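Below: final-v3.cif (mmCIF, C-alpha atoms)
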```
data_protein
#
loop_
_atom_site.label_atom_id
_atom_site.label_comp_id
_atom_site.auth_asym_id
_atom_site.auth_seq_id
_atom_site.Cartn_x
_atom_site.Cartn_y
_atom_site.Cartn_z
CA MET A 1 -92.61 -62.19 -7.24
CA SER A 2 -88.96 -62.75 -6.47
CA LYS A 3 -87.49 -66.24 -6.67
CA VAL A 4 -85.51 -66.71 -3.48
CA THR A 5 -83.18 -69.59 -2.60
CA ILE A 6 -81.17 -69.83 0.60
CA TYR A 7 -78.23 -72.18 1.14
CA SER A 8 -77.83 -72.78 4.85
CA THR A 9 -76.59 -75.01 7.65
CA PRO A 10 -78.69 -75.84 10.71
CA THR A 11 -76.14 -74.30 13.08
CA CYS A 12 -75.76 -70.98 11.29
CA VAL A 13 -77.37 -68.13 13.18
CA TYR A 14 -77.25 -65.70 10.25
CA CYS A 15 -79.21 -68.25 8.21
CA ARG A 16 -81.88 -68.25 10.92
CA MET A 17 -81.91 -64.47 10.93
CA ALA A 18 -82.33 -64.41 7.16
CA LYS A 19 -85.19 -66.94 7.28
CA GLU A 20 -86.89 -65.01 10.04
CA PHE A 21 -86.56 -61.88 7.93
CA PHE A 22 -88.24 -63.70 5.01
CA HIS A 23 -91.10 -64.87 7.25
CA LYS A 24 -91.69 -61.39 8.63
CA ASN A 25 -91.88 -59.98 5.12
CA ASN A 26 -93.96 -62.86 3.68
CA ILE A 27 -91.23 -63.85 1.26
CA GLN A 28 -91.50 -67.41 -0.12
CA TYR A 29 -88.16 -69.16 -0.34
CA THR A 30 -86.53 -72.49 -1.10
CA GLU A 31 -83.99 -73.76 1.41
CA HIS A 32 -81.08 -76.13 0.84
CA ASN A 33 -79.28 -77.59 3.83
CA VAL A 34 -75.75 -77.74 2.49
CA ALA A 35 -74.51 -79.63 5.54
CA GLU A 36 -76.33 -82.71 4.21
CA ASP A 37 -77.02 -82.00 0.57
CA ASP A 38 -73.69 -82.32 -1.30
CA ALA A 39 -75.22 -81.43 -4.66
CA ALA A 40 -76.61 -78.21 -3.22
CA ARG A 41 -73.22 -77.45 -1.66
CA GLU A 42 -71.57 -77.79 -5.09
CA GLU A 43 -74.29 -75.61 -6.63
CA MET A 44 -73.71 -72.96 -3.94
CA VAL A 45 -69.95 -72.93 -4.55
CA GLN A 46 -70.54 -72.76 -8.32
CA LYS A 47 -72.92 -69.82 -7.99
CA SER A 48 -71.12 -67.81 -5.37
CA HIS A 49 -67.52 -69.07 -5.32
CA GLN A 50 -68.16 -69.11 -1.58
CA LEU A 51 -67.73 -71.76 1.04
CA GLY A 52 -69.62 -70.03 3.80
CA VAL A 53 -73.29 -69.67 4.67
CA PRO A 54 -75.77 -68.17 4.19
CA VAL A 55 -75.69 -67.71 0.44
CA ILE A 56 -78.93 -66.21 -0.83
CA ASP A 57 -79.98 -66.21 -4.47
CA ILE A 58 -82.60 -63.58 -5.35
CA ASN A 59 -83.62 -63.82 -9.00
CA GLY A 60 -80.12 -64.95 -9.89
CA GLU A 61 -78.41 -62.21 -7.86
CA ILE A 62 -76.11 -63.70 -5.24
CA HIS A 63 -75.92 -62.33 -1.70
CA VAL A 64 -73.36 -63.64 0.75
CA GLY A 65 -74.13 -63.38 4.46
CA PHE A 66 -77.16 -61.72 6.01
CA ASN A 67 -77.38 -58.00 5.38
CA ARG A 68 -80.90 -56.79 6.03
CA SER A 69 -80.76 -53.52 4.09
CA GLU A 70 -79.15 -55.24 1.09
CA LEU A 71 -81.92 -57.88 1.05
CA GLU A 72 -84.62 -55.21 1.44
CA ARG A 73 -83.23 -53.49 -1.63
CA ALA A 74 -82.94 -56.67 -3.66
CA LEU A 75 -86.51 -57.67 -2.80
CA GLY A 76 -87.90 -54.20 -3.44
CA LEU A 77 -89.15 -53.85 0.14
CA LYS A 78 -87.80 -50.34 0.54
CA MET B 1 -79.97 -33.42 21.14
CA TYR B 2 -79.97 -36.64 23.17
CA ASP B 3 -78.73 -36.93 26.72
CA LEU B 4 -77.05 -40.22 25.87
CA ILE B 5 -76.07 -42.23 22.82
CA ILE B 6 -75.37 -45.91 23.46
CA VAL B 7 -73.20 -47.58 20.85
CA GLY B 8 -73.81 -51.33 20.47
CA GLY B 9 -76.48 -53.99 20.92
CA GLY B 10 -74.68 -56.72 22.83
CA PRO B 11 -75.27 -57.52 26.51
CA ALA B 12 -73.58 -54.25 27.53
CA GLY B 13 -75.47 -51.99 25.14
CA VAL B 14 -78.84 -53.56 25.89
CA ALA B 15 -78.33 -53.53 29.67
CA ALA B 16 -77.40 -49.86 29.40
CA GLY B 17 -80.45 -49.18 27.24
CA VAL B 18 -82.86 -50.77 29.70
CA TYR B 19 -81.40 -48.88 32.65
CA ALA B 20 -81.23 -45.58 30.77
CA ALA B 21 -84.88 -45.91 29.73
CA ARG B 22 -85.97 -46.65 33.28
CA LYS B 23 -84.04 -43.58 34.47
CA LYS B 24 -85.87 -41.59 31.77
CA ILE B 25 -82.59 -40.45 30.24
CA LYS B 26 -83.29 -39.23 26.69
CA THR B 27 -81.41 -42.00 24.89
CA LEU B 28 -80.65 -43.25 21.40
CA LEU B 29 -79.19 -46.75 21.02
CA ILE B 30 -77.44 -47.51 17.75
CA ALA B 31 -76.62 -51.14 16.92
CA LYS B 32 -75.80 -53.10 13.82
CA GLU B 33 -77.48 -56.13 15.34
CA PHE B 34 -78.35 -57.54 18.75
CA GLY B 35 -76.67 -60.22 20.85
CA GLY B 36 -73.01 -59.35 20.54
CA GLN B 37 -70.38 -61.96 19.80
CA SER B 38 -72.35 -64.73 21.52
CA LEU B 39 -74.90 -64.54 18.70
CA ALA B 40 -73.15 -67.37 16.89
CA SER B 41 -72.87 -69.62 19.96
CA ALA B 42 -74.87 -72.82 19.75
CA ASP B 43 -75.33 -73.10 23.49
CA ILE B 44 -74.56 -70.65 26.31
CA GLN B 45 -74.72 -72.19 29.76
CA ASN B 46 -73.47 -69.38 31.95
CA TRP B 47 -75.84 -66.50 31.21
CA ILE B 48 -77.31 -66.07 34.67
CA GLY B 49 -81.01 -66.84 34.80
CA ALA B 50 -80.92 -69.27 31.87
CA LYS B 51 -79.58 -72.82 32.32
CA SER B 52 -79.02 -73.14 28.61
CA ILE B 53 -79.73 -70.70 25.81
CA SER B 54 -78.60 -70.39 22.20
CA GLY B 55 -76.88 -67.20 21.06
CA PHE B 56 -79.81 -66.64 18.72
CA ASP B 57 -82.35 -66.77 21.54
CA LEU B 58 -80.17 -64.66 23.84
CA ALA B 59 -80.05 -62.01 21.11
CA LYS B 60 -83.83 -62.19 20.69
CA ASN B 61 -84.40 -61.85 24.44
CA LEU B 62 -82.06 -58.88 24.65
CA GLU B 63 -83.79 -57.15 21.73
CA GLU B 64 -87.26 -57.83 23.15
CA HIS B 65 -86.28 -56.55 26.59
CA LEU B 66 -84.91 -53.37 25.05
CA ARG B 67 -87.89 -52.81 22.75
CA ALA B 68 -90.25 -53.23 25.72
CA GLN B 69 -88.91 -49.92 27.08
CA GLU B 70 -90.99 -46.96 26.02
CA GLU B 71 -88.40 -44.33 26.87
CA ILE B 72 -85.76 -45.24 24.31
CA GLU B 73 -85.11 -44.66 20.62
CA ILE B 74 -83.40 -47.43 18.68
CA LEU B 75 -81.56 -47.29 15.38
CA ASP B 76 -80.62 -50.79 14.24
CA GLY B 77 -78.95 -52.06 11.08
CA ASP B 78 -76.42 -49.24 11.25
CA PHE B 79 -73.34 -48.59 13.37
CA VAL B 80 -71.39 -45.65 14.69
CA ALA B 81 -68.26 -45.18 12.62
CA LYS B 82 -66.97 -42.14 14.50
CA VAL B 83 -67.61 -40.05 17.59
CA GLU B 84 -66.51 -36.42 17.33
CA LYS B 85 -66.38 -33.48 19.67
CA SER B 86 -69.23 -31.09 18.89
CA LYS B 87 -70.30 -27.64 20.12
CA GLY B 88 -69.78 -26.95 23.81
CA LYS B 89 -69.52 -30.16 25.76
CA SER B 90 -71.60 -32.29 23.39
CA PHE B 91 -70.66 -35.06 20.96
CA LYS B 92 -71.59 -35.99 17.43
CA ALA B 93 -71.96 -39.64 16.42
CA VAL B 94 -71.60 -40.34 12.71
CA THR B 95 -72.97 -43.65 11.43
CA GLU B 96 -71.76 -45.89 8.63
CA SER B 97 -74.70 -44.82 6.45
CA GLY B 98 -73.83 -41.14 7.03
CA LYS B 99 -76.41 -40.19 9.66
CA ASN B 100 -75.46 -37.68 12.42
CA PHE B 101 -76.73 -37.55 15.97
CA GLU B 102 -75.78 -35.25 18.83
CA ALA B 103 -75.69 -36.10 22.51
CA LYS B 104 -74.39 -34.79 25.82
CA THR B 105 -72.80 -38.15 26.68
CA VAL B 106 -71.73 -41.31 24.86
CA LEU B 107 -71.48 -44.87 26.17
CA VAL B 108 -69.34 -47.07 23.94
CA CYS B 109 -70.35 -50.75 24.05
CA SER B 110 -69.10 -51.66 20.59
CA GLY B 111 -67.51 -54.95 21.63
CA SER B 112 -64.76 -56.67 19.72
CA HIS B 113 -64.21 -58.53 16.49
CA HIS B 114 -62.42 -61.64 15.33
CA LYS B 115 -58.72 -61.08 14.84
CA LYS B 116 -57.30 -61.89 11.43
CA LEU B 117 -53.98 -63.60 10.77
CA GLY B 118 -52.90 -60.75 8.50
CA VAL B 119 -51.17 -63.00 5.96
CA PRO B 120 -51.36 -63.02 2.16
CA GLY B 121 -54.34 -64.91 0.75
CA GLU B 122 -56.48 -64.48 3.86
CA ASP B 123 -58.75 -61.70 2.59
CA LYS B 124 -58.97 -63.07 -0.93
CA LEU B 125 -60.06 -66.49 0.37
CA ASN B 126 -62.34 -65.23 3.15
CA GLY B 127 -65.54 -67.23 2.74
CA ARG B 128 -63.73 -69.44 0.24
CA GLY B 129 -62.28 -71.82 2.76
CA VAL B 130 -61.08 -69.23 5.28
CA VAL B 131 -63.58 -69.35 8.12
CA TYR B 132 -64.11 -67.11 11.16
CA CYS B 133 -67.35 -68.71 12.42
CA SER B 134 -66.81 -72.40 13.03
CA THR B 135 -70.32 -72.98 14.38
CA CYS B 136 -71.73 -71.60 11.12
CA ASP B 137 -69.48 -73.18 8.58
CA ALA B 138 -68.02 -76.39 10.05
CA PRO B 139 -70.84 -78.46 8.43
CA LEU B 140 -69.61 -77.38 4.99
CA PHE B 141 -66.39 -79.32 5.45
CA GLY B 142 -67.81 -82.83 5.48
CA GLY B 143 -65.08 -85.32 4.46
CA LYS B 144 -62.49 -82.55 4.09
CA THR B 145 -59.07 -81.80 5.55
CA VAL B 146 -58.89 -78.58 7.51
CA ALA B 147 -56.67 -76.65 9.92
CA VAL B 148 -57.65 -74.65 12.96
CA VAL B 149 -55.26 -71.84 13.85
CA GLY B 150 -55.24 -70.84 17.51
CA ALA B 151 -54.46 -72.43 20.83
CA GLY B 152 -57.13 -70.83 23.00
CA ASN B 153 -60.64 -72.00 23.87
CA ALA B 154 -62.07 -70.73 20.59
CA GLY B 155 -59.58 -72.89 18.71
CA LEU B 156 -60.44 -75.97 20.78
CA GLU B 157 -64.15 -75.40 20.26
CA ALA B 158 -63.66 -75.06 16.51
CA VAL B 159 -61.87 -78.44 16.56
CA ARG B 160 -64.80 -79.91 18.44
CA ASP B 161 -67.30 -78.40 15.95
CA LEU B 162 -65.31 -79.98 13.12
CA PHE B 163 -65.09 -83.53 14.52
CA ALA B 164 -68.61 -84.25 13.33
CA TYR B 165 -67.76 -83.37 9.73
CA ALA B 166 -64.11 -83.16 8.69
CA ASP B 167 -61.96 -86.27 8.08
CA LYS B 168 -58.71 -84.73 9.26
CA ILE B 169 -58.09 -81.71 11.45
CA TYR B 170 -54.76 -80.05 12.10
CA LEU B 171 -54.52 -77.72 15.06
CA LEU B 172 -51.78 -75.19 14.37
CA VAL B 173 -50.24 -73.70 17.49
CA ARG B 174 -47.71 -70.85 17.44
CA GLY B 175 -46.02 -71.67 20.71
CA ASP B 176 -45.19 -74.99 22.30
CA ALA B 177 -48.24 -75.27 24.53
CA MET B 178 -52.01 -74.98 24.42
CA LYS B 179 -53.77 -72.12 26.19
CA GLY B 180 -57.31 -73.47 26.24
CA ASP B 181 -59.32 -75.21 28.94
CA PRO B 182 -57.51 -78.46 29.99
CA VAL B 183 -60.76 -80.46 30.15
CA THR B 184 -61.67 -79.63 26.55
CA LEU B 185 -58.08 -80.24 25.48
CA GLU B 186 -58.04 -83.77 26.97
CA GLU B 187 -61.35 -84.48 25.29
CA ILE B 188 -60.26 -83.43 21.81
CA LYS B 189 -56.78 -85.00 22.05
CA ALA B 190 -58.41 -88.42 22.34
CA ASN B 191 -59.89 -88.11 18.85
CA PRO B 192 -57.72 -89.73 16.13
CA LYS B 193 -58.89 -87.18 13.53
CA LEU B 194 -56.82 -84.51 15.27
CA GLU B 195 -53.14 -83.77 14.74
CA ILE B 196 -51.61 -80.94 16.76
CA LYS B 197 -48.63 -79.11 15.27
CA TYR B 198 -46.67 -76.85 17.60
CA GLN B 199 -44.26 -74.01 16.75
CA VAL B 200 -46.19 -73.22 13.60
CA GLU B 201 -46.41 -69.73 12.19
CA VAL B 202 -48.81 -69.44 9.26
CA ARG B 203 -47.22 -67.30 6.53
CA GLU B 204 -49.68 -67.55 3.65
CA ILE B 205 -53.02 -69.08 2.77
CA LEU B 206 -52.83 -70.77 -0.61
CA GLY B 207 -55.50 -71.11 -3.29
CA GLU B 208 -57.06 -69.36 -6.24
CA GLN B 209 -60.84 -69.97 -6.17
CA LEU B 210 -60.89 -71.92 -2.93
CA VAL B 211 -58.33 -72.69 -0.21
CA THR B 212 -55.86 -75.39 -1.21
CA GLY B 213 -53.44 -75.15 1.70
CA VAL B 214 -51.18 -73.06 3.89
CA ARG B 215 -47.52 -72.18 3.82
CA TYR B 216 -46.02 -72.01 7.30
CA LEU B 217 -42.79 -71.63 9.15
CA ASP B 218 -41.90 -74.60 11.32
CA LYS B 219 -40.08 -72.65 14.03
CA ALA B 220 -38.48 -75.74 15.58
CA LYS B 221 -36.83 -76.74 12.27
CA ASN B 222 -36.64 -73.15 11.05
CA GLN B 223 -37.92 -74.11 7.63
CA THR B 224 -40.95 -73.26 5.51
CA GLU B 225 -43.40 -76.03 4.80
CA GLU B 226 -46.77 -76.50 3.14
CA LEU B 227 -49.91 -78.32 4.18
CA LYS B 228 -52.68 -79.32 1.77
CA LEU B 229 -56.03 -78.19 3.14
CA ASP B 230 -59.61 -77.49 2.10
CA GLY B 231 -60.26 -75.02 4.89
CA VAL B 232 -58.55 -72.79 7.46
CA PHE B 233 -60.44 -71.88 10.62
CA VAL B 234 -58.94 -68.74 12.17
CA GLU B 235 -59.49 -68.63 15.94
CA ILE B 236 -56.73 -66.39 17.30
CA GLY B 237 -58.79 -64.23 19.60
CA SER B 238 -60.42 -60.86 19.27
CA ALA B 239 -59.59 -57.18 19.01
CA PRO B 240 -61.65 -54.28 20.41
CA ASN B 241 -63.85 -52.13 18.14
CA SER B 242 -62.42 -48.91 19.52
CA ASP B 243 -61.62 -47.09 16.25
CA LEU B 244 -64.67 -44.85 16.58
CA VAL B 245 -63.21 -43.04 19.60
CA LYS B 246 -59.48 -43.62 19.13
CA ASP B 247 -58.78 -39.92 18.58
CA LEU B 248 -60.56 -38.90 21.78
CA VAL B 249 -59.94 -41.42 24.53
CA GLU B 250 -56.89 -43.23 25.85
CA LEU B 251 -56.42 -46.80 24.65
CA ASP B 252 -54.12 -49.45 26.07
CA GLU B 253 -51.51 -51.29 23.99
CA ARG B 254 -54.14 -53.74 22.74
CA GLY B 255 -56.44 -50.93 21.60
CA GLN B 256 -58.86 -51.40 24.48
CA ILE B 257 -60.48 -48.29 25.96
CA ILE B 258 -59.00 -47.55 29.37
CA VAL B 259 -61.78 -46.97 31.90
CA ASP B 260 -62.06 -46.15 35.58
CA HIS B 261 -63.39 -49.49 36.81
CA LYS B 262 -65.49 -47.84 39.50
CA THR B 263 -67.49 -45.69 37.06
CA GLN B 264 -66.58 -46.94 33.53
CA MET B 265 -65.59 -43.38 32.64
CA THR B 266 -62.92 -43.00 29.95
CA SER B 267 -60.09 -40.45 29.89
CA PHE B 268 -62.38 -38.05 27.99
CA SER B 269 -65.09 -36.40 30.10
CA GLY B 270 -68.52 -37.28 28.70
CA ILE B 271 -67.51 -40.63 27.20
CA TRP B 272 -67.97 -43.93 29.03
CA ALA B 273 -67.21 -47.47 27.85
CA ALA B 274 -68.27 -50.96 28.95
CA GLY B 275 -67.97 -54.56 27.82
CA ASP B 276 -65.33 -56.12 25.58
CA VAL B 277 -64.25 -52.81 24.04
CA SER B 278 -63.01 -51.68 27.47
CA ASP B 279 -59.92 -52.84 29.33
CA VAL B 280 -62.03 -55.04 31.60
CA LEU B 281 -59.94 -58.06 32.64
CA TYR B 282 -62.57 -60.74 31.99
CA LYS B 283 -64.61 -60.72 28.79
CA GLN B 284 -67.94 -62.17 29.87
CA ASN B 285 -71.55 -61.44 28.94
CA ASN B 286 -72.61 -61.07 32.58
CA ILE B 287 -69.73 -58.74 33.37
CA SER B 288 -70.40 -56.62 30.29
CA ALA B 289 -74.03 -56.20 31.31
CA GLY B 290 -73.08 -55.28 34.87
CA ASP B 291 -70.37 -52.84 33.83
CA ALA B 292 -72.77 -51.11 31.44
CA VAL B 293 -75.30 -50.69 34.25
CA LYS B 294 -72.57 -49.11 36.37
CA ALA B 295 -71.82 -46.74 33.52
CA VAL B 296 -75.45 -45.66 33.08
CA LEU B 297 -75.90 -45.00 36.78
CA ASN B 298 -72.78 -42.86 36.70
CA ILE B 299 -73.96 -41.07 33.54
CA TYR B 300 -77.28 -40.39 35.30
CA ASP B 301 -75.43 -38.74 38.19
CA HIS B 302 -73.25 -36.79 35.76
CA LEU B 303 -76.26 -35.49 33.78
CA ASN B 304 -78.03 -34.43 36.98
CA LYS B 305 -74.95 -32.58 38.21
CA ASN B 306 -74.53 -30.76 34.89
CA LYS B 307 -78.15 -29.75 34.37
#
```
Whole structure, structure tokens version:
Amino acid sequence: MSKVTIYSTPTCVYCRMAKEFFHKNNIQYTEHNVAEDDAAREEMVQKSHQLGVPVIDINGEIHVGFNRSELERALGLK
Amino acid sequence: MYDLIIVGGGPAGVAAGVYAARKKIKTLLIAKEFGGQSLASADIQNWIGAKSISGFDLAKNLEEHLRAQEEIEILDGDFVAKVEKSKGKSFKAVTESGKNFEAKTVLVCSGSHHKKLGVPGEDKLNGRGVVYCSTCDAPLFGGKTVAVVGAGNAGLEAVRDLFAYADKIYLLVRGDAMKGDPVTLEEIKANPKLEIKYQVEVREILGEQLVTGVRYLDKAKNQTEELKLDGVFVEIGSAPNSDLVKDLVELDERGQIIVDHKTQMTSFSGIWAAGDVSDVLYKQNNISAGDAVKAVLNIYDHLNKNK
């Protein structure tokens, strides 16, 4: 099974879309709220060199933003 | 061959889709996603019929309403990159992923996108301190120093989003006055975190891995200065997504599709446009929906006449 981590903020609509996508496809994931968790924010910037959410880590592969077809590919759903 | 291809999944595209389905027009709707630009709004209070709704829920409602129609085909997750003239009077829509569809008529509801500053460093640092969605990313700037570029309502709202997080916020204004809503302006001016700089023209966004500042021209002093920053929020308005039909229809000087406001017809017979991509004076969800309905009713008449 894929190891999925999402770095998100509560106000970010693309984060919600990504999480909804995971639920629909029965994908287990770990979520870090980078608005409150400074350590997770640093980790996200380290991993992705990005300061924008969502950042999604799938088995060590970093995806920036919510792109459904890209995630489907990375998770082997299609 | 479809009777109609609708381009876009915002309020205009979805309204058109619902009406087209109910008129039993053989329709394909192609949309990258649903909800349009309001998708990222935390709270919409002027969508008629809902006292308060988030952009996320508005998008969901629109999608559900559209999918409840039996008489429509939907292709989502893709978008129309180009509309071309095809055999006879028909059109060919080519999508980003390379799919082709033919139709007798096309309704363009492709909306608009965030304008960029167009300065060095902006693309390189996009997502690395350069932000185009303040609602999404303001919480990442806790304790930081940031600038908002833009004097309209979007700029003021970005400032307001940032008050809860950033320590210091500069509002960089090109001219010598604000353009946004006076009530919001009074409200944000009272906050000591904010410093407004007028006559500022951003020339470059500085930084290697992440944003470290901006270089700008102070037009009053006529000299170049630098500001140390952790983030730059670009809120300078929007530009229409009209590239897909720019070789066919007439555009105005801002790139908006010129339409007949009675019918939404463009200068090219067989192509209609509605919503923010058109030269409608007021960019509003409710107006986009209404204009798209007008367009579909006119397309219905057109298809009947040309049977």
For chain B against chain A, with a cut-off of 12 Å and counting all atoms listed in the file, what is the closest atom pair and its distance in Å to one decimal for every residue that makes the cut, ordered by chain and number, as a tab-separated table?
```
residue	atom	partner	partner_atom	distance
B:Lys32	CA	A:Asn67	CA	9.9
B:Glu33	CA	A:Arg68	CA	9.9
B:Phe34	CA	A:Met17	CA	11.0
B:Gly35	CA	A:Val13	CA	11.0
B:Gln37	CA	A:Val13	CA	11.4
B:Ser38	CA	A:Val13	CA	10.3
B:Leu39	CA	A:Val13	CA	7.0
B:Ala40	CA	A:Val13	CA	5.7
B:Ser41	CA	A:Val13	CA	8.3
B:Ala42	CA	A:Thr11	CA	6.9
B:Asp43	CA	A:Thr11	CA	10.5
B:Ser54	CA	A:Val13	CA	9.4
B:Gly55	CA	A:Val13	CA	7.9
B:Phe56	CA	A:Val13	CA	6.2
B:Asp57	CA	A:Val13	CA	9.8
B:Leu58	CA	A:Val13	CA	11.6
B:Ala59	CA	A:Val13	CA	10.4
B:Lys60	CA	A:Met17	CA	10.2
B:Asp76	CA	A:Arg68	CA	10.2
B:Gly77	CA	A:Arg68	CA	7.2
B:Asp78	CA	A:Ser69	CA	9.4
B:Ser97	CA	A:Ser69	CA	10.9
B:Lys124	CA	A:Gln50	CA	11.0
B:Leu125	CA	A:Gln50	CA	8.7
B:Asn126	CA	A:Gln50	CA	8.4
B:Gly127	CA	A:Gly52	CA	5.1
B:Arg128	CA	A:Leu51	CA	4.7
B:Gly129	CA	A:Leu51	CA	5.7
B:Val130	CA	A:Leu51	CA	8.3
B:Val131	CA	A:Gly52	CA	7.5
B:Tyr132	CA	A:Gly52	CA	9.6
B:Cys133	CA	A:Cys12	CA	8.8
B:Ser134	CA	A:Cys12	CA	9.2
B:Thr135	CA	A:Thr11	CA	6.1
B:Cys136	CA	A:Cys12	CA	4.1
B:Asp137	CA	A:Gly52	CA	5.7
B:Ala138	CA	A:Ala35	CA	8.5
B:Pro139	CA	A:Ala35	CA	4.8
B:Leu140	CA	A:Ala35	CA	5.4
B:Phe141	CA	A:Ala35	CA	8.1
B:Gly142	CA	A:Ala35	CA	7.4
B:Gly143	CA	A:Asp38	CA	10.8
B:Asp161	CA	A:Thr11	CA	10.2
B:Leu162	CA	A:Ala35	CA	11.9
B:Ala164	CA	A:Ala35	CA	10.8
B:Tyr165	CA	A:Ala35	CA	8.8
B:Ala166	CA	A:Ala35	CA	11.4
B:Glu208	CA	A:His49	CA	10.5
B:Gln209	CA	A:His49	CA	6.8
B:Leu210	CA	A:His49	CA	7.6
B:Val211	CA	A:Leu51	CA	9.5
B:Asp230	CA	A:Leu51	CA	10.0
B:Gly231	CA	A:Leu51	CA	9.0
B:Val232	CA	A:Leu51	CA	11.2
B:Phe233	CA	A:Gly52	CA	11.6
```
*For the structure shown, which residues end up in the PyMOL selection byres ((chain B and resi 264) around 12)? Put them as an NGL selection string, please?*
:B and (12 or 16 or 106-109 or 257-263 or 265-275 or 277-280 or 288 or 290-299)
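Running the PyMOL selection byres ((chain A and resi 1-4) around 7) on this file leaves A:Thr5, A:Ile6, A:Gln28, A:Tyr29, A:Thr30, A:Asp57, A:Ile58, A:Asn59, A:Leu75 selected.
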Selection to disk with C-alpha atoms, as a short mmCIF file (atom, residue, chain, number, x, y, z; two decimals), in the frame of the given file:
```cif
data_model
loop_
_atom_site.label_atom_id
_atom_site.label_comp_id
_atom_site.auth_asym_id
_atom_site.auth_seq_id
_atom_site.Cartn_x
_atom_site.Cartn_y
_atom_site.Cartn_z
CA THR A 5 -83.18 -69.59 -2.60
CA ILE A 6 -81.17 -69.83 0.60
CA GLN A 28 -91.50 -67.41 -0.12
CA TYR A 29 -88.16 -69.16 -0.34
CA THR A 30 -86.53 -72.49 -1.10
CA ASP A 57 -79.98 -66.21 -4.47
CA ILE A 58 -82.60 -63.58 -5.35
CA ASN A 59 -83.62 -63.82 -9.00
CA LEU A 75 -86.51 -57.67 -2.80
#
```
*Using the chain letters and residue numbers of this document, give as JSON, numbers by chain the residues selected by the PyMOL selection byres ((chain B and resi 64) around 12).*
{"B": [9, 14, 15, 17, 18, 34, 35, 57, 58, 59, 60, 61, 62, 63, 65, 66, 67, 68, 69, 70, 74]}
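Take CA of Ile188 (chain B) and CA of Val148 (chain B): the distance between them is 12.7 Å.
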*Between CA of Lys23 (chain B) and CA of Ser86 (chain B), what is the distance, to one decimal in Å?*
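A separation of 24.9 Å between them.
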*asked:* Under the rule that only C-alpha atoms are counted, which of A:Glu20, A:Tyr7, A:Asn26, A:Phe66 is the nearest residue to Ala39 (chain A)?
replied: A:Tyr7
*asked:* Between B:Gly13, B:Gly237, B:Gly150, B:Gly8, which residue has the minimum interatomic distance to Gly175 (chain B), considering all atoms listed in the file?
replied: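 Residue with the minimum atom-to-atom distance to Gly175 (chain B): B:Gly150.
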